[in-house]
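Structure below is final.json: JSON, C-alpha atoms and all ligand atoms.
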[["chain", "number", "residue", "atom", "x", "y", "z"],
["A", 1, "MET", "CA", -29.98, 81.91, 5.11],
["A", 2, "PRO", "CA", -33.01, 82.87, 2.95],
["A", 3, "ARG", "CA", -34.30, 80.16, 0.62],
["A", 4, "GLU", "CA", -33.37, 82.11, -2.53],
["A", 5, "GLU", "CA", -29.75, 82.38, -1.40],
["A", 6, "GLU", "CA", -29.55, 78.73, -0.40],
["A", 7, "MET", "CA", -30.97, 77.61, -3.73],
["A", 8, "LYS", "CA", -28.63, 79.91, -5.66],
["A", 9, "LYS", "CA", -25.65, 78.44, -3.83],
["A", 10, "LEU", "CA", -26.89, 74.94, -4.57],
["A", 11, "GLU", "CA", -27.37, 75.77, -8.26],
["A", 12, "GLU", "CA", -23.83, 77.13, -8.45],
["A", 13, "GLY", "CA", -22.58, 73.84, -7.01],
["A", 14, "ILE", "CA", -24.60, 71.85, -9.54],
["A", 15, "LYS", "CA", -23.17, 73.91, -12.42],
["A", 16, "LYS", "CA", -19.64, 72.99, -11.37],
["A", 17, "CYS", "CA", -20.39, 69.42, -10.31],
["A", 18, "ARG", "CA", -18.06, 66.61, -11.38],
["A", 19, "HIS", "CA", -19.21, 64.00, -8.86],
["A", 20, "CYS", "CA", -19.96, 61.49, -11.61],
["A", 21, "GLU", "CA", -18.99, 61.14, -15.27],
["A", 22, "LEU", "CA", -22.08, 62.84, -16.70],
["A", 23, "TRP", "CA", -20.47, 66.30, -16.64],
["A", 24, "LYS", "CA", -18.34, 65.16, -19.57],
["A", 25, "THR", "CA", -21.29, 64.69, -21.92],
["A", 26, "ARG", "CA", -23.84, 67.19, -20.62],
["A", 27, "THR", "CA", -24.50, 70.52, -22.33],
["A", 28, "LYS", "CA", -26.19, 72.25, -19.38],
["A", 29, "PRO", "CA", -26.99, 70.81, -15.99],
["A", 30, "VAL", "CA", -30.65, 71.06, -15.02],
["A", 31, "ALA", "CA", -30.97, 71.98, -11.36],
["A", 32, "GLY", "CA", -34.74, 72.43, -11.26],
["A", 33, "GLU", "CA", -37.16, 75.34, -11.33],
["A", 34, "GLY", "CA", -40.31, 76.73, -9.79],
["A", 35, "SER", "CA", -41.57, 78.32, -6.62],
["A", 36, "LEU", "CA", -39.26, 78.06, -3.62],
["A", 37, "SER", "CA", -42.33, 78.13, -1.38],
["A", 38, "ALA", "CA", -44.10, 75.41, -3.37],
["A", 39, "LYS", "CA", -46.33, 73.01, -1.45],
["A", 40, "LEU", "CA", -45.84, 70.47, -4.22],
["A", 41, "MET", "CA", -42.55, 69.19, -5.61],
["A", 42, "LEU", "CA", -42.59, 67.02, -8.73],
["A", 43, "VAL", "CA", -39.57, 64.77, -9.08],
["A", 44, "GLY", "CA", -38.70, 63.34, -12.50],
["A", 45, "GLU", "CA", -35.88, 61.09, -13.61],
["A", 46, "ALA", "CA", -33.22, 63.02, -15.52],
["A", 47, "PRO", "CA", -32.92, 65.71, -18.19],
["A", 48, "GLY", "CA", -33.54, 64.60, -21.76],
["A", 49, "TYR", "CA", -32.31, 66.10, -25.04],
["A", 50, "TYR", "CA", -34.10, 69.48, -24.87],
["A", 51, "GLU", "CA", -33.66, 69.87, -21.11],
["A", 52, "ASP", "CA", -29.90, 69.38, -21.57],
["A", 53, "LEU", "CA", -29.83, 72.08, -24.25],
["A", 54, "LYS", "CA", -31.93, 74.58, -22.32],
["A", 55, "GLY", "CA", -30.90, 73.85, -18.74],
["A", 56, "ARG", "CA", -34.56, 73.60, -17.68],
["A", 57, "PRO", "CA", -36.59, 70.57, -16.55],
["A", 58, "PHE", "CA", -39.44, 69.11, -18.58],
["A", 59, "VAL", "CA", -39.31, 71.36, -21.65],
["A", 60, "GLY", "CA", -39.45, 68.62, -24.31],
["A", 61, "LYS", "CA", -42.29, 66.31, -25.32],
["A", 62, "ALA", "CA", -42.78, 64.91, -21.80],
["A", 63, "GLY", "CA", -42.74, 68.51, -20.54],
["A", 64, "LYS", "CA", -45.58, 69.51, -22.88],
["A", 65, "MET", "CA", -47.59, 66.61, -21.48],
["A", 66, "LEU", "CA", -46.68, 67.61, -17.92],
["A", 67, "ASP", "CA", -47.88, 71.17, -18.61],
["A", 68, "GLU", "CA", -51.16, 69.78, -19.95],
["A", 69, "LEU", "CA", -51.61, 67.54, -16.91],
["A", 70, "LEU", "CA", -50.89, 70.37, -14.47],
["A", 71, "ASP", "CA", -53.35, 72.54, -16.36],
["A", 72, "SER", "CA", -56.05, 69.84, -16.33],
["A", 73, "ALA", "CA", -55.72, 69.67, -12.54],
["A", 74, "GLY", "CA", -55.87, 73.46, -12.14],
["A", 75, "LEU", "CA", -52.22, 73.70, -11.09],
["A", 76, "GLU", "CA", -49.85, 76.39, -12.38],
["A", 77, "ARG", "CA", -46.36, 75.32, -13.38],
["A", 78, "ASN", "CA", -44.88, 78.32, -11.56],
["A", 79, "GLU", "CA", -46.59, 77.48, -8.24],
["A", 80, "VAL", "CA", -44.92, 74.06, -8.00],
["A", 81, "TYR", "CA", -41.23, 73.09, -7.98],
["A", 82, "ILE", "CA", -39.92, 70.67, -10.61],
["A", 83, "ALA", "CA", -36.71, 68.71, -10.08],
["A", 84, "ASN", "CA", -35.13, 65.48, -11.23],
["A", 85, "VAL", "CA", -33.19, 62.73, -9.50],
["A", 86, "LEU", "CA", -30.25, 63.35, -11.89],
["A", 87, "LYS", "CA", -29.24, 66.88, -12.77],
["A", 88, "CYS", "CA", -27.31, 65.90, -15.93],
["A", 89, "ARG", "CA", -28.52, 64.01, -18.98],
["A", 90, "PRO", "CA", -27.40, 60.41, -19.33],
["A", 91, "PRO", "CA", -26.12, 59.98, -22.92],
["A", 92, "GLY", "CA", -28.86, 58.84, -25.27],
["A", 93, "ASN", "CA", -31.37, 59.11, -22.41],
["A", 94, "ARG", "CA", -30.26, 55.77, -21.00],
["A", 95, "ASN", "CA", -31.43, 54.82, -17.52],
["A", 96, "PRO", "CA", -29.60, 56.47, -14.61],
["A", 97, "ALA", "CA", -26.86, 54.28, -13.12],
["A", 98, "VAL", "CA", -26.75, 53.60, -9.38],
["A", 99, "VAL", "CA", -23.41, 55.44, -9.02],
["A", 100, "GLU", "CA", -24.95, 58.48, -10.73],
["A", 101, "ILE", "CA", -28.02, 58.44, -8.48],
["A", 102, "ASN", "CA", -25.83, 58.15, -5.38],
["A", 103, "ALA", "CA", -23.60, 60.99, -6.55],
["A", 104, "CYS", "CA", -26.47, 63.31, -7.48],
["A", 105, "ALA", "CA", -29.13, 62.57, -4.86],
["A", 106, "PRO", "CA", -27.65, 64.94, -2.22],
["A", 107, "TYR", "CA", -28.72, 67.81, -4.52],
["A", 108, "LEU", "CA", -32.32, 66.59, -4.53],
["A", 109, "ASP", "CA", -32.13, 66.07, -0.75],
["A", 110, "ALA", "CA", -30.96, 69.67, -0.37],
["A", 111, "GLN", "CA", -33.77, 70.94, -2.61],
["A", 112, "LEU", "CA", -36.29, 69.06, -0.46],
["A", 113, "GLU", "CA", -34.79, 70.67, 2.65],
["A", 114, "ILE", "CA", -34.84, 74.18, 1.19],
["A", 115, "ILE", "CA", -38.38, 73.99, -0.17],
["A", 116, "GLU", "CA", -39.93, 71.66, 2.42],
["A", 117, "PRO", "CA", -42.87, 70.72, 0.19],
["A", 118, "ALA", "CA", -45.86, 69.13, 1.94],
["A", 119, "VAL", "CA", -46.47, 66.92, -1.08],
["A", 120, "ILE", "CA", -43.93, 65.11, -3.26],
["A", 121, "ALA", "CA", -45.07, 63.53, -6.51],
["A", 122, "THR", "CA", -42.74, 61.03, -8.13],
["A", 123, "LEU", "CA", -42.70, 60.82, -11.93],
["A", 124, "GLY", "CA", -41.49, 57.43, -13.09],
["A", 125, "ASN", "CA", -39.67, 54.50, -11.56],
["A", 126, "PHE", "CA", -36.30, 55.97, -10.63],
["A", 127, "SER", "CA", -37.91, 58.82, -8.77],
["A", 128, "LEU", "CA", -40.34, 56.44, -7.07],
["A", 129, "GLY", "CA", -37.46, 54.19, -5.99],
["A", 130, "TYR", "CA", -35.35, 57.01, -4.60],
["A", 131, "ILE", "CA", -38.14, 58.86, -2.78],
["A", 132, "PHE", "CA", -39.73, 55.71, -1.35],
["A", 133, "ASP", "CA", -36.36, 54.55, 0.01],
["A", 134, "LYS", "CA", -35.56, 57.99, 1.39],
["A", 135, "PHE", "CA", -38.82, 58.24, 3.32],
["A", 136, "GLY", "CA", -38.83, 54.65, 4.60],
["A", 137, "LEU", "CA", -41.60, 53.52, 2.27],
["A", 138, "ARG", "CA", -39.64, 50.66, 0.70],
["A", 139, "PRO", "CA", -41.97, 48.01, 2.22],
["A", 140, "GLU", "CA", -44.94, 49.74, 0.58],
["A", 141, "LYS", "CA", -43.32, 49.92, -2.84],
["A", 142, "GLU", "CA", -45.26, 47.93, -5.37],
["A", 143, "LYS", "CA", -45.64, 48.07, -9.12],
["A", 144, "ILE", "CA", -46.61, 51.56, -10.26],
["A", 145, "SER", "CA", -49.74, 50.03, -11.82],
["A", 146, "ARG", "CA", -50.93, 49.23, -8.26],
["A", 147, "ILE", "CA", -49.93, 52.39, -6.40],
["A", 148, "HIS", "CA", -50.21, 55.25, -8.92],
["A", 149, "GLY", "CA", -52.28, 58.17, -7.64],
["A", 150, "LYS", "CA", -52.37, 56.85, -4.06],
["A", 151, "VAL", "CA", -51.33, 59.12, -1.21],
["A", 152, "PHE", "CA", -48.68, 57.79, 1.20],
["A", 153, "LYS", "CA", -48.25, 59.76, 4.43],
["A", 154, "VAL", "CA", -44.90, 59.87, 6.18],
["A", 155, "SER", "CA", -43.82, 61.58, 9.39],
["A", 156, "THR", "CA", -40.65, 63.62, 9.15],
["A", 157, "VAL", "CA", -38.90, 66.16, 11.38],
["A", 158, "ALA", "CA", -40.45, 68.79, 9.13],
["A", 159, "GLY", "CA", -43.96, 67.38, 9.73],
["A", 160, "ILE", "CA", -46.24, 65.01, 7.84],
["A", 161, "LYS", "CA", -45.49, 64.72, 4.15],
["A", 162, "LYS", "CA", -47.59, 63.16, 1.45],
["A", 163, "ILE", "CA", -45.93, 61.15, -1.28],
["A", 164, "VAL", "CA", -47.86, 60.43, -4.45],
["A", 165, "PRO", "CA", -46.41, 58.04, -7.03],
["A", 166, "LEU", "CA", -47.35, 58.91, -10.60],
["A", 167, "TYR", "CA", -46.58, 57.45, -13.99],
["A", 168, "HIS", "CA", -43.95, 59.38, -15.93],
["A", 169, "PRO", "CA", -45.74, 61.74, -18.40],
["A", 170, "ALA", "CA", -43.66, 60.21, -21.25],
["A", 171, "VAL", "CA", -45.73, 57.03, -20.88],
["A", 172, "THR", "CA", -48.40, 58.73, -22.98],
["A", 173, "THR", "CA", -46.04, 58.93, -25.96],
["A", 174, "TYR", "CA", -46.04, 55.16, -26.39],
["A", 175, "ASN", "CA", -49.46, 54.44, -24.82],
["A", 176, "SER", "CA", -51.98, 57.19, -25.52],
["A", 177, "GLY", "CA", -54.57, 55.33, -23.45],
["A", 178, "MET", "CA", -52.62, 56.29, -20.32],
["A", 179, "LYS", "CA", -53.45, 59.97, -20.63],
["A", 180, "GLY", "CA", -56.82, 59.53, -18.88],
["A", 181, "VAL", "CA", -55.12, 57.68, -16.01],
["A", 182, "LEU", "CA", -52.62, 60.50, -15.61],
["A", 183, "ILE", "CA", -55.34, 63.16, -15.74],
["A", 184, "ASP", "CA", -57.23, 61.38, -12.93],
["A", 185, "ASP", "CA", -54.03, 61.00, -10.88],
["A", 186, "PHE", "CA", -53.13, 64.68, -11.26],
["A", 187, "LYS", "CA", -56.64, 65.60, -10.07],
["A", 188, "ALA", "CA", -56.13, 63.37, -7.02],
["A", 189, "LEU", "CA", -52.76, 65.06, -6.49],
["A", 190, "ALA", "CA", -54.27, 68.55, -6.65],
["A", 191, "ASN", "CA", -56.88, 67.50, -4.08],
["A", 192, "CYS", "CA", -54.37, 66.35, -1.50],
["A", 193, "PHE", "CA", -53.04, 69.77, -0.43],
["B", 201, "LIG", "N1", -37.98, 63.47, -18.24],
["B", 201, "LIG", "C1", -37.64, 63.63, -16.95],
["B", 201, "LIG", "O1", -37.74, 62.71, -16.15],
["B", 201, "LIG", "N2", -37.18, 64.84, -16.59],
["B", 201, "LIG", "C2", -37.08, 65.87, -17.42],
["B", 201, "LIG", "O2", -36.67, 66.94, -17.00],
["B", 201, "LIG", "C3", -37.46, 65.66, -18.76],
["B", 201, "LIG", "C4", -37.91, 64.46, -19.15]]

Let me see whether you can do it: turn the structure in this file into structure tokens.
Ligand code: URA
Amino acid sequence: MPREEEMKKLEEGIKKCRHCELWKTRTKPVAGEGSLSAKLMLVGEAPGYYEDLKGRPFVGKAGKMLDELLDSAGLERNEVYIANVLKCRPPGNRNPAVVEINACAPYLDAQLEIIEPAVIATLGNFSLGYIFDKFGLRPEKEKISRIHGKVFKVSTVAGIKKIVPLYHPAVTTYNSGMKGVLIDDFKALANCF
């Protein structure tokens, strides 16, 4: 099946999903968006207030910062694919619960299979945890302050993949000093494919 069709089918499933309780409080699910032939997939945590209203990932304050970071690294938003671990907003932007991650992660797994990105960048702790576990990197998981911007190579049936842990762009809203760190990390990310 062509990628476009597979993704459409997946998105239809996400729209109707009731695998956890978050469907009760969401406005719109946020499947993800971007190029289906992207070499880079960015994986965030979960939709926030504006994402839930619009049904698109990273369109609020953190999204503006993400756009700036992509731009500073010479990357176009429409040449990458942007997804989240959770497709529905946790009420009040609370942290994702384990049951929610377990219920929702098969959608992210399917997106990774459809797109087959060579590089996966994790944005924030929940994404880091899920992707590191999925690709057998749990023993290498350390505090984000020690591993941000580093490139981890993993062998998969679909070839070698590079995993790059990054701080969540929202970190700059409560610590403006982090912007320079993120800019450097996004440059390193753009240089690894
Ligand atoms: N934060 C995330 O992790 N994902 C979004 O889509 C928006 C904000």

| request: Determine, counting all atoms listed in the file, which protein, DNA and RNA residues have an atom within 12 Å of an atom of region 92-106 of chain A; residues of the same chain fewer than 2 positions away are not included. Present the result as number ranges by chain. | output: A: 10, 13-14, 17-23, 25-26, 29-31, 43-52, 83-90, 108-113, 124-127, 129-131, 133-134

| request: Tell me, in Å to one decimal, how far CA of Asp67 (chain A) is from CA of Ala188 (chain A). | output: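 Straight-line distance from CA of Asp67 (chain A) to CA of Ala188 (chain A) works out to 16.2 Å.
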
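Restricting the calculation to all atoms listed in the file, the smallest distance between Thr173 (chain A) and any of A:Met7, A:Leu128, A:Leu40, A:Leu66 is found for A:Leu66.
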
| request: Have a look at A:Ile114, A:Val59, A:Ser155, A:Gly34 and name the one nearest to Glu76 (chain A); count all atoms listed in the file. | output: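 Of all the options, A:Gly34 lies closest to Glu76 (chain A).
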
| said: At a cut-off of 8 Å, using only C-alpha atoms, what residues contact Pro169 (chain A)? Leave out same-chain residues fewer than 2 positions from it and give the result as number ranges by chain. | reply: A: 62-63, 65-66, 123, 167, 171-172, 182

| query | How would you write as number ranges by chain the residues that get within 8 Å of (-45.2, 61.1, -6.2) in the file's frame, counting only C-alpha atoms? | reply | A: 42-43, 119-123, 128, 149, 163-166

| query | How far is it from CA of Leu189 (chain A) to CA of Ala158 (chain A), in Å with one decimal? | reply |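 According to the coordinates, CA of Leu189 (chain A) and CA of Ala158 (chain A) are separated by 20.2 Å.
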
| Could you work out how far CA of Phe193 (chain A) lies from CA of Lys150 (chain A), giving the answer in Å with one decimal? | 13.4 Å
